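A.B. asks: Next comes the structure file query_9.cif, holding mmCIF, C-alpha atoms.
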data_entry
loop_
_atom_site.group_PDB
_atom_site.id
_atom_site.type_symbol
_atom_site.label_atom_id
_atom_site.label_comp_id
_atom_site.auth_asym_id
_atom_site.auth_seq_id
_atom_site.Cartn_x
_atom_site.Cartn_y
_atom_site.Cartn_z
ATOM 1 C CA MET A 1 0.733 10.549 -20.213
ATOM 2 C CA ASN A 2 1.804 8.993 -23.481
ATOM 3 C CA VAL A 3 1.282 5.249 -23.003
ATOM 4 C CA LYS A 4 -0.148 3.501 -26.057
ATOM 5 C CA LYS A 5 1.228 -0.041 -25.697
ATOM 6 C CA VAL A 6 1.143 -1.996 -22.427
ATOM 7 C CA LEU A 7 2.969 -5.338 -22.375
ATOM 8 C CA TYR A 8 1.690 -7.997 -19.977
ATOM 9 C CA PRO A 9 3.948 -11.088 -19.737
ATOM 10 C CA THR A 10 2.343 -14.081 -18.042
ATOM 11 C CA ASP A 11 3.379 -17.565 -16.964
ATOM 12 C CA PHE A 12 -0.250 -18.347 -15.962
ATOM 13 C CA SER A 13 0.684 -18.508 -12.273
ATOM 14 C CA ARG A 14 -1.560 -17.084 -9.558
ATOM 15 C CA CYS A 15 0.910 -14.251 -9.247
ATOM 16 C CA SER A 16 0.775 -13.250 -12.913
ATOM 17 C CA LYS A 17 -3.017 -13.535 -12.972
ATOM 18 C CA GLN A 18 -3.181 -10.981 -10.158
ATOM 19 C CA ALA A 19 -1.060 -8.685 -12.320
ATOM 20 C CA LEU A 20 -3.600 -8.982 -15.153
ATOM 21 C CA ASP A 21 -6.080 -6.809 -13.253
ATOM 22 C CA GLU A 22 -3.495 -4.041 -13.001
ATOM 23 C CA ALA A 23 -2.445 -4.398 -16.650
ATOM 24 C CA LEU A 24 -6.064 -4.076 -17.778
ATOM 25 C CA TYR A 25 -6.651 -1.165 -15.426
ATOM 26 C CA MET A 26 -3.613 0.731 -16.725
ATOM 27 C CA ALA A 27 -4.491 0.010 -20.359
ATOM 28 C CA SER A 28 -8.074 1.146 -19.795
ATOM 29 C CA ARG A 29 -7.174 4.337 -17.894
ATOM 30 C CA LEU A 30 -4.459 5.289 -20.378
ATOM 31 C CA ASP A 31 -6.463 4.297 -23.476
ATOM 32 C CA ALA A 32 -3.701 1.897 -24.504
ATOM 33 C CA GLU A 33 -3.569 -1.449 -26.278
ATOM 34 C CA LEU A 34 -2.671 -4.507 -24.197
ATOM 35 C CA PHE A 35 -0.149 -7.024 -25.532
ATOM 36 C CA MET A 36 -0.368 -10.369 -23.694
ATOM 37 C CA LEU A 37 2.785 -12.474 -23.930
ATOM 38 C CA HIS A 38 3.692 -15.981 -22.806
ATOM 39 C CA ALA A 39 7.270 -17.215 -23.117
ATOM 40 C CA VAL A 40 7.452 -20.859 -24.164
ATOM 41 C CA VAL A 41 10.701 -21.926 -22.517
ATOM 42 C CA LEU A 42 12.260 -25.389 -22.419
ATOM 43 C CA HIS A 43 14.551 -24.822 -19.455
ATOM 44 C CA GLU A 44 16.622 -27.977 -19.939
ATOM 45 C CA ALA A 45 17.076 -27.720 -23.707
ATOM 46 C CA ASP A 46 20.603 -26.833 -24.846
ATOM 47 C CA PRO A 47 21.297 -27.204 -28.593
ATOM 48 C CA ASN A 48 25.052 -27.163 -27.906
ATOM 49 C CA ASN A 49 24.964 -30.029 -25.412
ATOM 50 C CA PRO A 50 23.530 -33.411 -26.568
ATOM 51 C CA GLU A 51 23.103 -34.503 -22.947
ATOM 52 C CA HIS A 52 20.641 -31.671 -22.394
ATOM 53 C CA HIS A 53 18.565 -31.958 -25.522
ATOM 54 C CA PHE A 54 14.941 -33.067 -25.689
ATOM 55 C CA PRO A 55 14.534 -35.868 -28.254
ATOM 56 C CA GLU A 56 11.238 -34.334 -29.423
ATOM 57 C CA ALA A 57 11.704 -30.674 -28.561
ATOM 58 C CA ALA A 58 9.645 -29.447 -31.513
ATOM 59 C CA GLU A 59 6.666 -31.530 -30.400
ATOM 60 C CA LEU A 60 6.985 -30.288 -26.818
ATOM 61 C CA VAL A 61 7.039 -26.698 -28.035
ATOM 62 C CA ARG A 62 3.891 -27.368 -30.064
ATOM 63 C CA ILE A 63 2.100 -28.840 -27.024
ATOM 64 C CA LEU A 64 3.185 -25.985 -24.760
ATOM 65 C CA SER A 65 2.108 -23.451 -27.362
ATOM 66 C CA GLU A 66 -1.333 -25.027 -27.638
ATOM 67 C CA MET A 67 -1.690 -24.963 -23.857
ATOM 68 C CA ALA A 68 -0.576 -21.333 -23.806
ATOM 69 C CA THR A 69 -3.109 -20.422 -26.485
ATOM 70 C CA THR A 70 -5.918 -21.927 -24.405
ATOM 71 C CA GLU A 71 -4.763 -20.105 -21.265
ATOM 72 C CA MET A 72 -4.388 -16.838 -23.177
ATOM 73 C CA ALA A 73 -7.943 -17.114 -24.477
ATOM 74 C CA SER A 74 -9.260 -17.474 -20.931
ATOM 75 C CA LEU A 75 -7.265 -14.448 -19.775
ATOM 76 C CA ALA A 76 -8.527 -12.404 -22.711
ATOM 77 C CA ALA A 77 -12.092 -13.098 -21.587
ATOM 78 C CA HIS A 78 -11.445 -11.174 -18.345
ATOM 79 C CA PRO A 79 -14.457 -8.873 -17.693
ATOM 80 C CA LEU A 80 -12.208 -5.842 -17.166
ATOM 81 C CA GLY A 81 -10.885 -6.239 -20.690
ATOM 82 C CA ARG A 82 -14.105 -5.567 -22.552
ATOM 83 C CA ASP A 83 -13.062 -2.024 -23.498
ATOM 84 C CA VAL A 84 -9.373 -2.771 -24.094
ATOM 85 C CA VAL A 85 -7.873 -3.764 -27.450
ATOM 86 C CA THR A 86 -5.812 -6.882 -26.716
ATOM 87 C CA HIS A 87 -3.226 -8.883 -28.652
ATOM 88 C CA GLN A 88 -2.070 -12.381 -27.709
ATOM 89 C CA THR A 89 1.148 -14.139 -28.601
ATOM 90 C CA GLU A 90 3.392 -16.998 -27.493
ATOM 91 C CA GLN A 91 7.109 -16.694 -28.181
ATOM 92 C CA PRO A 92 9.758 -19.433 -27.742
ATOM 93 C CA GLY A 93 13.102 -18.724 -26.104
ATOM 94 C CA PHE A 94 15.818 -19.970 -23.772
ATOM 95 C CA SER A 95 14.807 -17.655 -20.904
ATOM 96 C CA ALA A 96 11.582 -15.850 -20.063
ATOM 97 C CA SER A 97 13.285 -12.498 -19.440
ATOM 98 C CA GLU A 98 15.014 -12.668 -22.823
ATOM 99 C CA VAL A 99 11.675 -13.274 -24.537
ATOM 100 C CA VAL A 100 9.996 -10.433 -22.622
ATOM 101 C CA LEU A 101 12.751 -7.929 -23.374
ATOM 102 C CA ASP A 102 12.979 -8.894 -27.046
ATOM 103 C CA TYR A 103 9.216 -8.638 -27.521
ATOM 104 C CA ALA A 104 9.066 -5.325 -25.632
ATOM 105 C CA GLY A 105 11.591 -3.950 -28.103
ATOM 106 C CA GLU A 106 9.761 -5.465 -31.057
ATOM 107 C CA ILE A 107 6.444 -3.774 -30.244
ATOM 108 C CA ASP A 108 8.110 -0.658 -28.785
ATOM 109 C CA ALA A 109 6.271 -1.092 -25.471
ATOM 110 C CA ASP A 110 5.616 2.015 -23.364
ATOM 111 C CA LEU A 111 4.935 0.127 -20.121
ATOM 112 C CA ILE A 112 5.414 -3.453 -18.887
ATOM 113 C CA VAL A 113 3.084 -4.845 -16.200
ATOM 114 C CA MET A 114 4.036 -8.188 -14.665
ATOM 115 C CA GLY A 115 3.798 -10.284 -11.523
ATOM 116 C CA THR A 116 6.661 -11.101 -9.182
ATOM 117 C CA HIS A 117 6.834 -13.876 -6.593
ATOM 118 C CA GLY A 118 8.939 -11.807 -4.198
ATOM 119 C CA ARG A 119 11.401 -14.633 -3.513
ATOM 120 C CA TRP A 120 14.382 -14.211 -1.170
ATOM 121 C CA GLY A 121 17.342 -16.488 -0.536
ATOM 122 C CA PRO A 122 18.140 -19.734 -2.421
ATOM 123 C CA GLY A 123 14.791 -19.818 -4.230
ATOM 124 C CA ARG A 124 15.543 -16.520 -5.915
ATOM 125 C CA LEU A 125 19.190 -17.386 -6.576
ATOM 126 C CA PHE A 126 18.452 -20.772 -8.149
ATOM 127 C CA LEU A 127 15.324 -19.828 -10.067
ATOM 128 C CA GLY A 128 16.292 -16.272 -10.907
ATOM 129 C CA SER A 129 13.710 -13.551 -11.239
ATOM 130 C CA THR A 130 12.211 -12.701 -14.606
ATOM 131 C CA ALA A 131 10.688 -9.564 -13.098
ATOM 132 C CA GLU A 132 13.999 -8.310 -11.697
ATOM 133 C CA GLU A 133 15.863 -8.924 -14.955
ATOM 134 C CA THR A 134 13.088 -7.165 -16.860
ATOM 135 C CA VAL A 135 13.239 -4.171 -14.499
ATOM 136 C CA ARG A 136 17.030 -4.063 -14.821
ATOM 137 C CA TYR A 137 17.226 -4.111 -18.606
ATOM 138 C CA ALA A 138 13.897 -2.851 -19.973
ATOM 139 C CA ARG A 139 13.989 0.509 -21.703
ATOM 140 C CA CYS A 140 10.534 1.502 -20.498
ATOM 141 C CA PRO A 141 8.842 1.741 -17.071
ATOM 142 C CA VAL A 142 7.926 -1.578 -15.419
ATOM 143 C CA LEU A 143 5.016 -2.080 -13.006
ATOM 144 C CA THR A 144 5.608 -5.156 -10.847
ATOM 145 C CA VAL A 145 2.803 -6.733 -8.834
ATOM 146 C CA ARG A 146 3.871 -8.931 -5.936
ATOM 147 C CA GLU A 147 1.657 -11.938 -5.192
ATOM 148 C CA GLN A 148 -0.727 -11.217 -2.306
ATOM 149 C CA GLU A 149 -3.315 -13.246 -0.411
ATOM 150 C CA GLU A 150 -5.788 -10.368 -0.676
ATOM 151 C CA PRO A 151 -4.557 -8.026 -3.425
ATOM 152 C CA GLN A 152 -5.741 -4.414 -3.467
ATOM 153 C CA GLY A 153 -6.250 -3.099 -6.982
ATOM 154 C CA LEU A 154 -4.857 0.142 -8.338
ATOM 155 C CA GLU A 155 -8.378 1.364 -9.038
ATOM 156 C CA SER A 156 -8.861 1.920 -5.307
ATOM 157 C CA ILE A 157 -5.512 3.529 -4.400
ATOM 158 C CA GLN A 158 -5.636 6.574 -2.160
ATOM 159 C CA SER A 159 -1.915 7.227 -1.772
ATOM 160 C CA ILE A 160 1.224 6.907 -3.907
ATOM 161 C CA LEU A 161 4.614 6.538 -2.209
ATOM 162 C CA VAL A 162 7.673 8.134 -3.834
ATOM 163 C CA PRO A 163 11.043 7.307 -2.217
ATOM 164 C CA VAL A 164 13.634 10.048 -2.827
ATOM 165 C CA ASP A 165 17.419 9.661 -2.478
ATOM 166 C CA PHE A 166 18.285 13.151 -3.825
ATOM 167 C CA SER A 167 20.188 11.616 -6.739
ATOM 168 C CA ALA A 168 20.162 13.197 -10.189
ATOM 169 C CA HIS A 169 17.194 10.982 -11.096
ATOM 170 C CA ALA A 170 14.962 11.769 -8.116
ATOM 171 C CA LYS A 171 12.729 14.123 -10.095
ATOM 172 C CA LEU A 172 11.818 11.302 -12.515
ATOM 173 C CA GLY A 173 9.924 9.450 -9.801
ATOM 174 C CA ILE A 174 8.214 12.567 -8.473
ATOM 175 C CA GLU A 175 7.115 13.678 -11.928
ATOM 176 C CA ALA A 176 5.643 10.267 -12.791
ATOM 177 C CA ALA A 177 3.939 10.021 -9.392
ATOM 178 C CA LYS A 178 2.432 13.499 -9.739
ATOM 179 C CA SER A 179 0.897 12.578 -13.080
ATOM 180 C CA LEU A 180 -0.534 9.317 -11.722
ATOM 181 C CA ALA A 181 -1.855 11.069 -8.612
ATOM 182 C CA ALA A 182 -3.590 13.670 -10.761
ATOM 183 C CA ARG A 183 -5.298 10.896 -12.750
ATOM 184 C CA THR A 184 -6.363 8.817 -9.748
ATOM 185 C CA GLY A 185 -6.973 11.490 -7.108
ATOM 186 C CA ALA A 186 -4.393 9.854 -4.848
ATOM 187 C CA ARG A 187 -2.254 11.732 -2.321
ATOM 188 C CA LEU A 188 1.538 11.692 -2.623
ATOM 189 C CA GLN A 189 3.733 10.356 0.167
ATOM 190 C CA VAL A 190 7.263 11.632 -0.509
ATOM 191 C CA LEU A 191 9.773 9.701 1.599
ATOM 192 C CA HIS A 192 13.489 9.998 2.285
ATOM 193 C CA VAL A 193 15.298 7.283 4.239
ATOM 194 C CA VAL A 194 18.306 8.432 6.265
ATOM 195 C CA GLU A 195 20.718 5.521 6.458
ATOM 196 C CA LEU A 196 22.770 6.143 9.645
ATOM 197 C CA ARG A 197 25.308 3.475 10.558
ATOM 198 C CA ALA A 198 25.511 2.148 14.122
ATOM 199 C CA ALA A 199 27.748 4.377 16.195
ATOM 200 C CA PRO A 200 30.374 2.970 18.632
ATOM 201 C CA SER A 201 29.888 3.505 22.368
ATOM 202 C CA LEU A 202 32.750 6.031 22.317
ATOM 203 C CA TYR A 203 30.389 8.695 20.970
ATOM 204 C CA ASP A 204 28.126 10.790 23.177
ATOM 205 C CA ILE A 205 24.585 9.563 22.488
ATOM 206 C CA SER A 206 23.116 13.034 22.952
ATOM 207 C CA VAL A 207 25.405 14.405 20.241
ATOM 208 C CA ILE A 208 24.292 11.636 17.886
ATOM 209 C CA GLU A 209 20.627 12.361 18.604
ATOM 210 C CA ASP A 210 21.148 16.084 17.929
ATOM 211 C CA PHE A 211 22.923 15.229 14.687
ATOM 212 C CA THR A 212 20.058 12.914 13.662
ATOM 213 C CA ASP A 213 17.494 15.639 14.317
ATOM 214 C CA HIS A 214 19.562 18.058 12.236
ATOM 215 C CA VAL A 215 19.796 15.571 9.348
ATOM 216 C CA ARG A 216 16.053 14.871 9.515
ATOM 217 C CA GLN A 217 15.136 18.580 9.385
ATOM 218 C CA HIS A 218 17.626 19.274 6.597
ATOM 219 C CA ALA A 219 16.210 16.349 4.577
ATOM 220 C CA ALA A 220 12.620 17.539 5.113
ATOM 221 C CA ASP A 221 13.493 21.030 3.849
ATOM 222 C CA ALA A 222 15.258 19.536 0.831
ATOM 223 C CA LEU A 223 12.245 17.311 0.086
ATOM 224 C CA ALA A 224 9.927 20.314 0.061
ATOM 225 C CA ARG A 225 12.183 22.141 -2.413
ATOM 226 C CA LEU A 226 12.552 19.077 -4.629
ATOM 227 C CA VAL A 227 8.802 18.489 -4.861
ATOM 228 C CA GLU A 228 8.236 22.139 -5.729
ATOM 229 C CA GLU A 229 10.949 22.106 -8.393
ATOM 230 C CA SER A 230 9.856 18.825 -9.985
ATOM 231 C CA PRO A 231 7.605 19.104 -13.048
ATOM 232 C CA GLY A 232 4.041 17.821 -13.025
ATOM 233 C CA PRO A 233 0.604 18.906 -11.848
ATOM 234 C CA GLU A 234 -0.075 20.249 -8.370
ATOM 235 C CA VAL A 235 -1.285 17.423 -6.117
ATOM 236 C CA ALA A 236 -1.796 16.877 -2.391
ATOM 237 C CA CYS A 237 1.483 15.826 -0.808
ATOM 238 C CA ASP A 238 2.922 14.733 2.548
ATOM 239 C CA LEU A 239 6.656 14.723 3.344
ATOM 240 C CA HIS A 240 8.280 12.030 5.486
ATOM 241 C CA VAL A 241 11.835 11.388 6.719
ATOM 242 C CA VAL A 242 12.679 8.121 8.488
ATOM 243 C CA GLU A 243 15.818 6.239 9.504
ATOM 244 C CA GLY A 244 16.691 2.725 8.398
ATOM 245 C CA VAL A 245 17.951 0.570 5.547
ATOM 246 C CA ALA A 246 16.376 1.942 2.396
ATOM 247 C CA ALA A 247 14.573 -1.059 0.840
ATOM 248 C CA HIS A 248 13.266 -2.360 4.177
ATOM 249 C CA ALA A 249 12.296 1.103 5.455
ATOM 250 C CA ILE A 250 10.428 1.931 2.242
ATOM 251 C CA SER A 251 8.506 -1.346 2.314
ATOM 252 C CA GLU A 252 7.671 -1.014 6.010
ATOM 253 C CA PHE A 253 6.483 2.545 5.453
ATOM 254 C CA ALA A 254 4.276 1.414 2.558
ATOM 255 C CA GLU A 255 2.646 -1.212 4.763
ATOM 256 C CA GLU A 256 2.186 1.023 7.815
ATOM 257 C CA HIS A 257 0.783 3.929 5.786
ATOM 258 C CA GLU A 258 -1.308 1.767 3.420
ATOM 259 C CA SER A 259 0.383 3.012 0.255
ATOM 260 C CA GLY A 260 -1.373 1.765 -2.851
ATOM 261 C CA LEU A 261 1.604 2.128 -5.198
ATOM 262 C CA VAL A 262 5.337 2.788 -4.950
ATOM 263 C CA VAL A 263 6.967 4.835 -7.727
ATOM 264 C CA ILE A 264 10.758 4.540 -7.663
ATOM 265 C CA PRO A 265 13.552 5.393 -10.115
ATOM 266 C CA SER A 266 16.077 2.685 -10.945
ATOM 267 C CA HIS A 267 19.608 3.689 -11.867
ATOM 268 C CA GLY A 268 19.845 0.784 -14.303
ATOM 269 C CA LEU A 269 23.088 -0.521 -12.785
ATOM 270 C CA THR A 270 24.454 -3.791 -14.136
ATOM 271 C CA GLY A 271 27.375 -6.119 -13.529
ATOM 272 C CA ILE A 272 29.862 -5.604 -10.716
ATOM 273 C CA GLU A 273 28.590 -2.066 -9.999
ATOM 274 C CA ARG A 274 25.120 -3.412 -9.168
ATOM 275 C CA VAL A 275 26.578 -6.225 -7.042
ATOM 276 C CA LEU A 276 28.728 -3.855 -4.994
ATOM 277 C CA ILE A 277 26.207 -1.031 -4.599
ATOM 278 C CA GLY A 278 23.079 -3.140 -4.477
ATOM 279 C CA SER A 279 19.722 -2.038 -5.805
ATOM 280 C CA THR A 280 17.124 -0.385 -3.595
ATOM 281 C CA ALA A 281 14.550 -0.695 -6.377
ATOM 282 C CA GLU A 282 15.008 -4.476 -6.620
ATOM 283 C CA GLY A 283 14.758 -4.820 -2.847
ATOM 284 C CA VAL A 284 11.520 -2.834 -2.804
ATOM 285 C CA ILE A 285 10.113 -4.983 -5.612
ATOM 286 C CA ARG A 286 10.706 -8.103 -3.501
ATOM 287 C CA LEU A 287 9.391 -6.627 -0.246
ATOM 288 C CA ALA A 288 6.714 -4.030 -0.927
ATOM 289 C CA PRO A 289 3.115 -4.988 -0.055
ATOM 290 C CA CYS A 290 1.774 -3.066 -3.063
ATOM 291 C CA PRO A 291 2.617 -2.735 -6.773
ATOM 292 C CA VAL A 292 5.895 -0.991 -7.631
ATOM 293 C CA LEU A 293 6.364 1.218 -10.698
ATOM 294 C CA THR A 294 10.027 1.510 -11.704
ATOM 295 C CA VAL A 295 11.044 4.398 -13.960
ATOM 296 C CA LYS A 296 14.395 4.755 -15.707
ATOM 297 C CA PRO A 297 16.832 7.594 -16.407
ATOM 298 C CA PHE A 298 17.180 6.208 -19.950
ATOM 299 C CA GLY A 299 14.820 4.931 -22.617
ATOM 300 C CA LYS A 300 11.134 5.780 -22.326
ATOM 301 C CA ASN A 301 9.144 7.353 -19.536
ATOM 302 C CA LEU A 302 5.392 7.620 -18.943
ATOM 303 C CA LEU A 303 5.143 11.201 -20.106
ATOM 304 C CA GLY A 304 6.082 10.762 -23.731
ATOM 305 C CA SER A 305 9.635 12.112 -23.534
ATOM 306 C CA SER A 306 12.932 10.249 -23.345
ATOM 307 C CA PRO A 307 15.374 10.957 -20.516
ATOM 308 C CA GLN A 308 19.018 11.378 -21.381
ATOM 309 C CA GLU A 309 20.544 8.184 -22.643
ATOM 310 C CA GLY A 310 23.045 6.302 -20.505
ATOM 311 C CA ASN A 311 23.299 3.681 -17.756
#
Just give me the structure as structure tokens.
C.D. replies:
Amino acid sequence: MNVKKVLYPTDFSRCSKQALDEALYMASRLDAELFMLHAVVLHEADPNNPEHHFPEAAELVRILSEMATTEMASLAAHPLGRDVVTHQTEQPGFSASEVVLDYAGEIDADLIVMGTHGRWGPGRLFLGSTAEETVRYARCPVLTVREQEEPQGLESIQSILVPVDFSAHAKLGIEAAKSLAARTGARLQVLHVVELRAAPSLYDISVIEDFTDHVRQHAADALARLVEESPGPEVACDLHVVEGVAAHAISEFAEEHESGLVVIPSHGLTGIERVLIGSTAEGVIRLAPCPVLTVKPFGKNLLGSSPQEGN
């Protein structure tokens, strides 16, 4: 695995501090440098609108930067970071995601590790999600860590869940998961979710059940072939086929089967296409009880090669 630069954005929340453990763990296991970033953002400042301009914006930025420097120093003193080369910086900007993405490009980051609050509903709509925007636009894999009351660290994972939709990018997730499983000794859980719509009462229920059994068996056979054909080391693997709505079914499976990590490809959809189709990866990021590693069909991957360019 060719990961030399791990970027860890932080807003000093409880959520992002939980993600620090995973960032340090990944940097240590992969012998990578850790770049710690805080975005200094004045959310109400608008240089083009006098009504939304701080009278002493420069002074506020200076104060926030000094506070960030102090917080960064305390994070850098984390006991897990003794053997990791770390860099600390504060960058100003109009949005946290913009700062994260710009800095990731500047340092040519191989992996981003960050916390996510897992908001749903109005809170997510009004506040936005820096993690989701980073996952959507970053040109490298992103490991998101959802805030938990009792977080379980990656150092103790025993199983890695890989959802498969049989798209052209399915092998990306399996390949990355195989490599991580080989490094950690974890067992793979390869999952396909069959999304069957509710059938009207007109249909014979026995016919529907027979059809569902046929689909399940066909999917299981296809999973076995896909795992065998996907590159990566040989690792212990279990195959699972369930019914449901993809993001919810994946998250429920992860909780019921105590998955320590979810590895999922993201198609990198943007704009109206993402709105209409939705994003399973983003739903899993908000719902999953464990960290989620998102890999892309473009930009960088964890194995040192670049998938074919394109969105």
A.B. asks: List the residues matched by the PyMOL selection byres ((chain A and resi 110) around 7) in the displayed structure as a list of chain:residue names, ordered by chain and then by residue number.
C.D. replies: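 Residues picked by the PyMOL selection byres ((chain A and resi 110) around 7): A:Val3, A:Lys4, A:Lys5, A:Val6, A:Asp108, A:Ala109, A:Leu111, A:Cys140, A:Lys300.
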A.B. asks: Check which residues satisfy the PyMOL selection byres ((chain A and resi 170-173) around 8) in the file shown, then give them as a list in words.
C.D. replies: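 On the file shown, the PyMOL selection byres ((chain A and resi 170-173) around 8) covers Val162, Pro163, Val164, Asp165, Phe166, Ser167, Ala168, His169, Ile174, Glu175, Ala176, Ala177, Leu226, Val227, Ser230, Pro231, Val263, Ile264, Pro265, Val295, Lys296 and Pro297 of chain A.
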A.B. asks: Work out how far apart CA of Gln158 (chain A) and CA of Ile285 (chain A) are and give it in Å to one decimal.
C.D. replies: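 One can read the CA of Gln158 (chain A) to CA of Ile285 (chain A) distance as 19.8 Å.
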A.B. asks: Quick one: pull the distance between CA of Gly299 (chain A) and CA of Val100 (chain A), Å, one decimal.
C.D. replies: 16.1 Å
A.B. asks: Using only C-alpha atoms, which residues sit within 8 Å of Thr144 (chain A) once same-chain residues fewer than 2 positions away are excluded, as a PyMOL selection string?
C.D. replies: chain A and resi 19+113-116+131+142+146+285+291-293
A.B. asks: Output the residue selection produced by the PyMOL selection byres ((chain A and resi 286) around 12) on the file above, formatted as a PyMOL selection string.
C.D. replies: chain A and resi 115-121+124+129+131-132+135+144-148+247-248+250-251+279-285+287-292
A.B. asks: Using Å and a single decimal, report how far CA of Ile157 (chain A) sits from CA of Ser259 (chain A).
C.D. replies: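 Here the two named atoms are 7.5 Å from each other.
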A.B. asks: Quick one: of A:Thr86, A:Thr184, A:Gln189, A:Ser95, who's nearest to Arg29 (chain A), counting all atoms listed in the file?
C.D. replies: A:Thr184
A.B. asks: For a quick check of understanding, using only C-alpha atoms, which of A:Ala39, A:Val193, A:Val85, A:Ala181 has the smallest distance to Ala249 (chain A)?
C.D. replies: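 Counting only C-alpha atoms, the residue closest to Ala249 (chain A) is A:Val193.
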A.B. asks: Would you mind listing what lies within 8 Å of Arg216 (chain A) as number ranges by chain, with only C-alpha atoms counted and same-chain residues fewer than 4 positions away left out?
C.D. replies: A: 194, 212, 220, 241-242
A.B. asks: Mind listing whatever residues come within 8 Å of the point (-0.6, -4.6, -15.8)? Use all atoms listed in the file, file coordinates, and give them as a PyMOL selection string.
C.D. replies: chain A and resi 6-8+19-27+112-114+143-144
A.B. asks: Pick out the closest residue to Arg139 (chain A) from this set: A:Asn2, A:Thr294, A:Gln152, A:Thr89. Count only C-alpha atoms.
C.D. replies: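 Among A:Asn2, A:Thr294, A:Gln152, A:Thr89, it is A:Thr294 that comes nearest to Arg139 (chain A).
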A.B. asks: Please determine an axis-aligned box that encloses all atoms of region 212-217 of chain A listed in the file, with 8 Å added on each side, and express its centre and edge lengths in Å to one decimal as AutoDock Vina command-line options.
C.D. replies:
--center_x 17.6 --center_y 15.7 --center_z 11.8 --size_x 20.9 --size_y 21.7 --size_z 21.0
